[in-house]
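To be precise, the following lines are query.csv, and they hold CSV, C-alpha atoms.
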chain,number,residue,atom,x,y,z
A,14,MET,CA,171.5,179.3,-29.8
A,15,SER,CA,169.1,177.8,-27.2
A,16,LEU,CA,169.5,177.4,-23.5
A,17,ALA,CA,170.2,173.7,-24.1
A,18,ASP,CA,173.1,174.7,-26.4
A,19,LEU,CA,174.5,176.7,-23.5
A,20,VAL,CA,174.0,173.8,-21.0
A,21,LEU,CA,175.7,171.4,-23.4
A,22,SER,CA,178.7,173.7,-23.8
A,23,LEU,CA,178.8,174.0,-20.0
A,24,ALA,CA,178.7,170.2,-19.7
A,25,ASP,CA,181.4,169.6,-22.2
A,26,ASN,CA,183.6,172.2,-20.6
A,27,LYS,CA,183.1,170.7,-17.2
A,28,GLN,CA,184.0,167.3,-18.5
A,29,MET,CA,187.2,168.6,-20.1
A,30,LEU,CA,188.1,170.6,-17.0
A,31,GLY,CA,187.6,167.5,-14.9
A,32,LEU,CA,189.8,165.4,-17.2
A,33,ARG,CA,192.6,168.1,-17.3
A,34,TYR,CA,192.4,168.4,-13.5
A,35,ALA,CA,192.7,164.7,-13.1
A,36,GLU,CA,195.9,164.6,-15.3
A,37,TRP,CA,197.5,166.6,-12.5
A,38,ALA,CA,196.6,164.3,-9.6
A,39,THR,CA,200.2,163.1,-9.3
A,40,ARG,CA,202.0,166.2,-10.6
A,41,ALA,CA,200.8,169.1,-8.4
A,42,PRO,CA,203.3,170.9,-6.2
A,43,SER,CA,202.3,169.2,-3.0
A,44,LEU,CA,200.5,166.0,-1.9
A,45,GLU,CA,197.5,168.2,-0.7
A,46,ALA,CA,197.4,169.8,-4.1
A,47,ASP,CA,197.5,166.4,-5.8
A,48,ILE,CA,194.5,165.3,-3.7
A,49,ALA,CA,192.7,168.5,-4.4
A,50,ALA,CA,193.3,168.1,-8.2
A,51,ALA,CA,191.8,164.6,-8.1
A,52,ALA,CA,188.8,165.7,-5.9
A,53,MET,CA,188.1,168.7,-8.1
A,54,GLY,CA,188.4,166.5,-11.2
A,55,LEU,CA,185.8,164.1,-9.8
A,56,ASP,CA,183.5,167.0,-8.9
A,57,ASP,CA,183.6,168.5,-12.3
A,58,LEU,CA,183.1,165.1,-14.1
A,59,GLY,CA,180.1,164.6,-11.8
A,60,HIS,CA,178.8,168.1,-12.6
A,61,SER,CA,179.1,167.3,-16.3
A,62,ARG,CA,176.9,164.2,-15.9
A,63,VAL,CA,174.2,166.2,-14.1
A,64,LEU,CA,174.3,168.9,-16.9
A,65,TYR,CA,174.0,166.3,-19.6
A,66,GLY,CA,171.0,164.9,-17.7
A,67,CYS,CA,169.3,168.3,-17.9
A,68,LEU,CA,169.2,168.4,-21.7
A,69,GLU,CA,166.2,166.1,-22.1
A,70,PRO,CA,164.1,167.9,-19.5
A,71,LEU,CA,165.0,171.1,-21.3
A,72,GLY,CA,163.2,169.6,-24.4
A,73,HIS,CA,166.1,169.7,-26.7
A,74,ASP,CA,169.3,167.6,-26.8
A,75,PRO,CA,171.7,169.1,-29.3
A,76,ARG,CA,174.1,166.1,-29.3
A,77,GLY,CA,174.3,164.5,-32.7
A,78,SER,CA,176.0,161.4,-34.2
A,79,ASP,CA,179.0,163.6,-35.1
A,80,ARG,CA,180.2,163.4,-31.5
A,81,GLU,CA,181.5,159.9,-32.4
A,82,SER,CA,183.6,161.1,-35.2
A,83,ASP,CA,184.4,164.8,-35.1
A,84,PRO,CA,186.4,166.3,-32.2
A,85,LYS,CA,185.0,169.7,-33.0
A,86,SER,CA,181.6,168.5,-32.0
A,87,ILE,CA,182.8,168.6,-28.4
A,88,ARG,CA,181.9,172.1,-27.3
A,89,SER,CA,184.8,172.9,-25.1
A,90,LEU,CA,187.1,175.9,-25.0
A,91,ALA,CA,190.5,176.0,-26.7
A,92,TYR,CA,192.1,176.1,-23.3
A,93,PHE,CA,191.3,172.4,-22.9
A,94,ASP,CA,192.4,171.3,-26.4
A,95,GLU,CA,195.8,170.0,-25.2
A,96,PRO,CA,197.0,168.8,-21.8
A,97,TRP,CA,198.5,171.4,-19.6
A,98,THR,CA,202.3,171.3,-19.3
A,99,GLU,CA,202.7,174.0,-16.6
A,100,TRP,CA,201.2,174.4,-13.1
A,101,SER,CA,200.3,178.0,-14.0
A,102,GLN,CA,197.9,176.7,-16.6
A,103,PHE,CA,196.2,174.6,-14.0
A,104,VAL,CA,195.9,177.5,-11.6
A,105,ALA,CA,194.6,179.9,-14.3
A,106,ALA,CA,192.0,177.3,-15.3
A,107,ASN,CA,191.1,176.7,-11.7
A,108,ALA,CA,190.8,180.4,-10.7
A,109,ILE,CA,189.4,181.9,-13.9
A,110,LEU,CA,187.6,179.3,-16.0
A,111,ASP,CA,186.2,177.2,-13.2
A,112,THR,CA,184.9,180.4,-11.7
A,113,ALA,CA,183.4,181.4,-15.0
A,114,PHE,CA,181.6,178.2,-15.3
A,115,THR,CA,180.3,178.5,-11.8
A,116,THR,CA,179.1,182.0,-12.6
A,117,VAL,CA,177.0,180.7,-15.5
A,118,ILE,CA,175.7,177.9,-13.2
A,119,GLU,CA,174.7,180.7,-10.7
A,120,ALA,CA,172.9,182.5,-13.5
A,121,CYS,CA,171.0,179.3,-14.3
A,122,VAL,CA,170.1,178.7,-10.6
A,123,ASN,CA,168.9,182.3,-10.4
A,124,GLY,CA,166.9,182.1,-13.6
A,125,SER,CA,163.4,180.9,-14.2
A,126,VAL,CA,164.0,177.4,-15.6
A,127,GLU,CA,162.9,175.0,-12.9
A,128,VAL,CA,165.0,171.9,-13.8
A,129,LEU,CA,168.2,174.0,-13.7
A,130,LYS,CA,167.2,175.8,-10.5
A,131,GLN,CA,166.7,172.5,-8.8
A,132,ARG,CA,169.5,170.3,-10.2
A,133,LEU,CA,172.4,172.8,-10.3
A,134,ARG,CA,172.1,174.4,-6.8
A,135,LYS,CA,174.3,171.7,-5.1
A,136,MET,CA,177.1,172.4,-7.6
A,137,LEU,CA,177.5,175.9,-6.2
A,138,MET,CA,178.3,174.5,-2.7
A,139,GLU,CA,181.0,172.1,-4.1
A,140,GLU,CA,182.4,174.8,-6.3
A,141,ARG,CA,183.1,177.0,-3.3
A,142,TYR,CA,186.2,174.9,-2.5
A,143,HIS,CA,187.4,175.0,-6.1
A,144,PHE,CA,187.2,178.8,-5.9
A,145,LEU,CA,189.1,178.9,-2.6
A,146,HIS,CA,191.8,176.7,-4.1
A,147,GLY,CA,192.1,178.6,-7.3
A,148,ARG,CA,192.1,182.1,-5.7
A,149,SER,CA,194.6,181.2,-3.1
A,150,TRP,CA,197.0,179.8,-5.7
A,151,LEU,CA,196.4,182.7,-8.0
A,152,ARG,CA,197.4,185.1,-5.2
A,153,SER,CA,200.7,183.2,-4.8
A,154,GLY,CA,201.6,184.5,-8.3
A,155,ILE,CA,201.5,182.7,-11.6
A,156,ASP,CA,202.7,183.4,-15.2
A,157,ALA,CA,200.8,186.1,-17.0
A,158,ALA,CA,200.3,184.3,-20.3
A,159,PRO,CA,197.9,181.5,-19.1
A,160,LEU,CA,196.1,184.0,-16.9
A,161,LEU,CA,195.4,186.3,-19.8
A,162,ARG,CA,194.4,183.5,-22.0
A,163,ALA,CA,192.0,182.1,-19.4
A,164,TRP,CA,190.3,185.5,-19.0
A,165,GLN,CA,190.0,185.9,-22.7
A,166,GLU,CA,188.3,182.5,-23.1
A,167,ALA,CA,186.1,183.1,-20.0
A,168,LEU,CA,184.8,186.3,-21.5
A,169,GLU,CA,184.3,184.5,-24.9
A,170,PHE,CA,182.4,181.8,-23.0
A,171,PHE,CA,180.0,184.4,-21.6
A,172,GLY,CA,179.2,185.5,-25.1
A,173,PRO,CA,178.9,188.9,-26.9
A,174,PRO,CA,177.3,191.8,-25.0
A,175,ASP,CA,174.1,191.8,-27.1
A,176,GLY,CA,173.9,188.2,-28.1
A,177,GLU,CA,171.8,185.2,-27.2
A,178,THR,CA,173.1,184.9,-23.7
A,179,GLU,CA,171.9,188.5,-23.0
A,180,ARG,CA,168.6,187.6,-24.6
A,181,LEU,CA,168.2,184.7,-22.2
A,182,HIS,CA,169.0,187.1,-19.4
A,183,ARG,CA,166.4,189.6,-20.6
A,184,GLU,CA,163.8,186.8,-20.8
A,185,GLY,CA,164.5,185.9,-17.2
A,186,ARG,CA,165.8,182.4,-18.0
A,187,LEU,CA,169.3,183.3,-16.9
A,188,GLY,CA,169.8,185.4,-13.8
A,189,MET,CA,172.8,187.2,-15.4
A,190,GLY,CA,173.9,188.4,-18.8
A,191,PRO,CA,177.5,188.6,-20.0
A,192,ALA,CA,178.2,192.0,-18.4
A,193,GLN,CA,176.8,190.9,-15.0
A,194,MET,CA,178.8,187.6,-15.3
A,195,ARG,CA,182.0,189.5,-15.8
A,196,ALA,CA,181.3,191.8,-12.9
A,197,ARG,CA,180.4,188.9,-10.7
A,198,MET,CA,183.7,187.2,-11.5
A,199,GLU,CA,185.7,190.4,-10.8
A,200,GLU,CA,183.8,190.8,-7.5
A,201,ARG,CA,184.5,187.3,-6.3
A,202,LEU,CA,188.1,187.2,-7.4
A,203,GLU,CA,188.7,190.8,-6.1
A,204,ILE,CA,190.6,191.6,-9.3
A,205,THR,CA,189.7,193.5,-12.5
A,206,ALA,CA,189.6,191.5,-15.8
A,207,PRO,CA,192.4,192.4,-18.1
A,208,GLU,CA,191.7,194.4,-21.3
A,209,VAL,CA,191.3,191.8,-24.1
A,210,THR,CA,190.2,192.1,-27.7
A,211,ILE,CA,187.6,189.6,-28.7
A,212,HIS,CA,186.8,189.2,-32.4
A,213,TRP,CA,183.1,188.5,-32.1
A,214,GLU,CA,182.8,188.3,-35.9
A,215,VAL,CA,184.6,185.0,-35.9
A,216,TRP,CA,183.1,183.8,-32.5
A,217,ASP,CA,181.4,180.4,-32.8
A,218,PRO,CA,178.1,180.6,-30.9
A,219,ILE,CA,177.9,176.8,-30.5
A,220,ARG,CA,181.4,176.2,-29.2
A,221,ARG,CA,181.5,179.7,-27.6
A,222,ARG,CA,185.1,180.4,-28.8
A,223,THR,CA,186.9,182.2,-31.5
A,224,ALA,CA,189.8,179.8,-31.8
A,225,GLU,CA,189.9,177.1,-34.4
A,226,GLY,CA,191.0,173.6,-33.4
A,227,ALA,CA,189.6,170.8,-31.2
A,228,ILE,CA,190.6,168.5,-28.3
A,229,ASP,CA,193.6,166.3,-28.9
A,230,GLU,CA,193.2,162.9,-30.5
A,231,HIS,CA,194.0,160.9,-27.4
A,232,THR,CA,191.5,162.7,-25.3
A,233,PHE,CA,188.8,162.4,-28.0
A,234,ALA,CA,189.5,158.6,-28.2
A,235,MET,CA,189.2,158.4,-24.5
A,236,LEU,CA,185.9,160.2,-24.4
A,237,ARG,CA,184.5,157.7,-27.0
A,238,GLY,CA,185.8,154.7,-25.0
A,239,LEU,CA,188.3,153.7,-27.7
A,240,GLU,CA,191.3,153.9,-25.4
A,241,GLU,CA,189.6,151.6,-22.9
A,242,ARG,CA,189.0,149.0,-25.6
A,243,LYS,CA,192.8,148.8,-26.2
A,244,TYR,CA,193.1,147.1,-22.8
A,245,ALA,CA,190.1,144.9,-23.0
A,246,PRO,CA,190.8,141.1,-23.1
A,247,PRO,CA,190.8,139.6,-26.6
A,248,THR,CA,187.7,137.5,-25.8
A,249,ALA,CA,185.7,140.6,-25.0
A,250,ALA,CA,186.0,141.8,-28.6
A,251,LYS,CA,184.9,138.5,-30.2
A,252,PRO,CA,181.2,138.0,-31.0
A,253,ALA,CA,179.5,135.2,-29.0
A,254,SER,CA,179.6,131.9,-30.9
A,255,VAL,CA,176.4,130.0,-31.2
B,25,MET,CA,208.7,164.6,-12.7
B,26,GLY,CA,208.9,162.5,-15.9
B,27,SER,CA,208.1,163.6,-19.4
B,28,ARG,CA,204.7,165.0,-18.6
B,29,GLY,CA,205.9,166.9,-15.6
B,30,LEU,CA,206.6,170.5,-14.9
B,31,THR,CA,209.3,172.2,-16.9
B,32,ALA,CA,212.4,173.5,-15.2
B,33,SER,CA,211.3,177.1,-15.9
B,34,SER,CA,208.2,176.8,-13.8
B,35,GLY,CA,208.3,179.5,-11.3
B,36,TYR,CA,205.7,178.3,-8.9
B,37,LYS,CA,206.3,178.3,-5.1
B,38,ARG,CA,205.9,175.0,-3.4
B,39,VAL,CA,203.3,175.0,-0.7
B,40,SER,CA,205.6,173.4,1.8
B,41,GLY,CA,207.9,176.4,1.8
B,42,ASP,CA,205.9,178.6,4.2
B,43,ALA,CA,202.9,176.4,5.0
B,44,VAL,CA,201.4,175.8,8.4
B,45,GLU,CA,199.6,172.9,9.8
B,46,TYR,CA,195.8,172.8,10.4
B,47,GLU,CA,193.9,170.2,12.4
B,48,VAL,CA,190.7,169.0,10.8
B,49,PHE,CA,187.6,168.2,12.8
B,50,ALA,CA,184.3,166.7,11.6
B,51,ARG,CA,181.2,164.9,12.7
B,52,LYS,CA,178.6,162.8,10.8
B,53,THR,CA,175.5,163.7,12.9
B,54,ARG,CA,174.4,166.6,15.1
B,55,GLU,CA,174.3,164.2,18.1
B,56,GLU,CA,178.0,163.2,18.0
B,57,PRO,CA,180.8,165.5,19.1
B,58,LEU,CA,183.3,167.0,16.6
B,59,ARG,CA,186.3,164.7,16.5
B,60,GLN,CA,189.7,165.2,14.9
B,61,VAL,CA,189.9,163.3,11.6
B,62,GLY,CA,193.3,164.4,10.4
B,63,SER,CA,195.4,167.4,9.4
B,64,VAL,CA,196.5,169.3,6.3
B,65,VAL,CA,199.4,171.6,5.5
B,66,ALA,CA,198.7,174.9,3.6
B,67,PRO,CA,200.0,178.4,3.4
B,68,ASP,CA,196.6,180.1,4.2
B,69,ASP,CA,193.1,179.5,5.5
B,70,ASP,CA,191.5,179.3,2.1
B,71,LEU,CA,193.7,176.7,0.7
B,72,ALA,CA,193.5,174.8,4.0
B,73,MET,CA,189.7,174.7,3.7
B,74,ALA,CA,190.0,173.4,0.1
B,75,TYR,CA,192.6,170.8,1.1
B,76,ALA,CA,190.6,169.6,4.1
B,77,ARG,CA,187.5,169.2,2.1
B,78,ALA,CA,189.3,167.3,-0.7
B,79,THR,CA,191.3,165.1,1.6
B,80,TYR,CA,188.7,164.1,4.1
B,81,ASP,CA,185.5,163.8,2.0
B,82,GLU,CA,185.2,160.1,2.2
B,83,GLU,CA,182.4,160.4,4.7
B,84,ARG,CA,179.1,162.3,4.6
B,85,TRP,CA,180.0,164.8,7.2
B,86,CYS,CA,177.3,167.2,8.5
B,87,GLU,CA,180.0,169.5,9.8
B,88,MET,CA,183.7,170.1,9.2
B,89,ALA,CA,186.0,172.7,10.8
B,90,ILE,CA,189.7,173.4,10.7
B,91,VAL,CA,191.9,175.2,13.2
B,92,ARG,CA,195.5,176.3,13.0
B,93,LYS,CA,197.5,173.8,15.1
B,94,GLU,CA,199.4,176.8,16.7
B,95,HIS,CA,196.1,178.1,18.0
B,96,VAL,CA,195.4,175.0,20.0
B,97,ILE,CA,196.1,175.6,23.7
B,98,GLU,CA,197.3,172.4,25.3
B,99,LEU,CA,196.4,171.8,29.0
B,100,TRP,CA,198.6,168.7,29.3
B,101,GLN,CA,200.1,166.0,27.1
B,102,PRO,CA,200.4,162.2,27.3
B,103,GLY,CA,202.5,161.2,30.3
B,104,GLU,CA,201.8,164.4,32.2
B,105,THR,CA,199.4,164.4,35.1

If you convert what's in this file into structure tokens, what do you get?
Amino acid sequence: MSLADLVLSLADNKQMLGLRYAEWATRAPSLEADIAAAAMGLDDLGHSRVLYGCLEPLGHDPRGSDRESDPKSIRSLAYFDEPWTEWSQFVAANAILDTAFTTVIEACVNGSVEVLKQRLRKMLMEERYHFLHGRSWLRSGIDAAPLLRAWQEALEFFGPPDGETERLHREGRLGMGPAQMRARMEERLEITAPEVTIHWEVWDPIRRRTAEGAIDEHTFAMLRGLEERKYAPPTAAKPASV
Amino acid sequence: MGSRGLTASSGYKRVSGDAVEYEVFARKTREEPLRQVGSVVAPDDDLAMAYARATYDEERWCEMAIVRKEHVIELWQPGET
């Protein structure tokens, strides 16, 4: 696993987080929360674009042609495989997973790779409001199941204690390794991570998850632009006649 | 809520239940004064900051601040001298 692999995973997860946030832009518990869901969705979709743009300067773009045909090629966590049906799932993603991604971005900004230091810094400012939103809702109390799942997947995203992420940390390219990332999250959220068992032997270092599966068919079609084509006028699909 | 909406078993607490109103102030340049651009309703300062930023981000503000409406001390109101 290279640093570019980590950045691509971060970009794919930010893209999926943004899409899932946006799905709640008319279903949150208040009008203000609706607007916040839409705004955070736009932020994260924008962040994913910036992250994709970092791949070429990093010297290695891991995206292959399979991204047009295989949903498993999208490197997002299992938490985003299906649309959320409960507000608690939104809050757990907002408080835990969004903060986990921000922590990795912070590690990139505090590492030695210039393109990441320069381009990702602004994200930390925008993410401050995602954090305030997530932490406040978390404190209001949510179901335990999505919270536990979000923590589990956040720690899986950081990677094993002695894996490639830790190696990138020791080399100075990341400002934090998995242990420091976990501690940083606990410090910011002012809570202790729950005890979770992670089966690192089945952990996929490319998708940074232990769970099988992939994003749902509809979302995958949307990412590829196929859903949009359904609504295109018939003339747009015809080849130009000469 | 429709078919995609929250299930009946969702135990979340609606924000409006115990929320308070905050006034939102902002300015685009250092030269101009802060002016009121709107308000948000939230149960705490953190959420109010997140809501204010999300709701009123259509401009490139150089400064934004919120204040609880109950903390504003009015000297007089319209119609009073």

Cut-off 12 Å: closest segment 116-196 of chain A/segment 73-87 of chain B atom pairs per residue, using all atoms listed in the file, as a Markdown table:
| residue | atom | partner | partner_atom | distance |
| --- | --- | --- | --- | --- |
| A:Met138 | CA | B:Arg77 | CA | 11.7 |
| A:Glu139 | CA | B:Arg77 | CA | 9.4 |
| A:Glu140 | CA | B:Ala74 | CA | 10.0 |
| A:Arg141 | CA | B:Ala74 | CA | 8.5 |
| A:Tyr142 | CA | B:Ala74 | CA | 4.8 |
| A:His143 | CA | B:Ala74 | CA | 6.9 |
| A:Phe144 | CA | B:Ala74 | CA | 8.5 |
| A:Leu145 | CA | B:Ala74 | CA | 6.2 |
| A:His146 | CA | B:Ala74 | CA | 5.6 |
| A:Gly147 | CA | B:Ala74 | CA | 9.3 |
| A:Arg148 | CA | B:Ala74 | CA | 10.7 |
| A:Ser149 | CA | B:Ala74 | CA | 9.6 |
| A:Trp150 | CA | B:Ala74 | CA | 11.1 |

Margin query: I want to know what sits within 12 Å of Arg62 of chain A, based on only C-alpha atoms, with residues of the same chain fewer than 5 positions away left out; could you give that as a list in words?
Written below: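 What passes the distance filter is Val20, Leu21, Leu23, Ala24, Asp25, Asn26, Lys27, Gln28, Met29, Gly31, Leu55, Asp56, Asp57, Cys67, Leu68, Arg132, Leu133 and Met136 of chain A.
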
Notebook entry, point to check: Given a cut-off of 8 Å, which residues of chain A touch chain B, counting only C-alpha atoms, written out as an MDAnalysis selection string?
Noted result: chainID A and resid 40 42:43 45:46 48:49 52:53 98:101 142:143 145:146 149:150 153:156

Next item on the list: For atom CA of Asp74 of chain A and atom CA of Leu58 of chain A, determine how far apart the two atoms are, in Å to one decimal place.
Entry: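 Pair atom CA of Asp74 of chain A / atom CA of Leu58 of chain A returns 18.9 Å.
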
Next item on the list: Report the distance between atom CA of Ala245 of chain A and atom CA of Phe93 of chain A in Å, rounded to one decimal place.
Entry: 27.5 Å

Item checked: Shortest interatomic distance to Val104 of chain A - which of A:Pro159, A:Gly77, A:Gly54, A:Gly59, counting all atoms listed in the file ->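 Under the stated criterion, the closest residue is A:Pro159.
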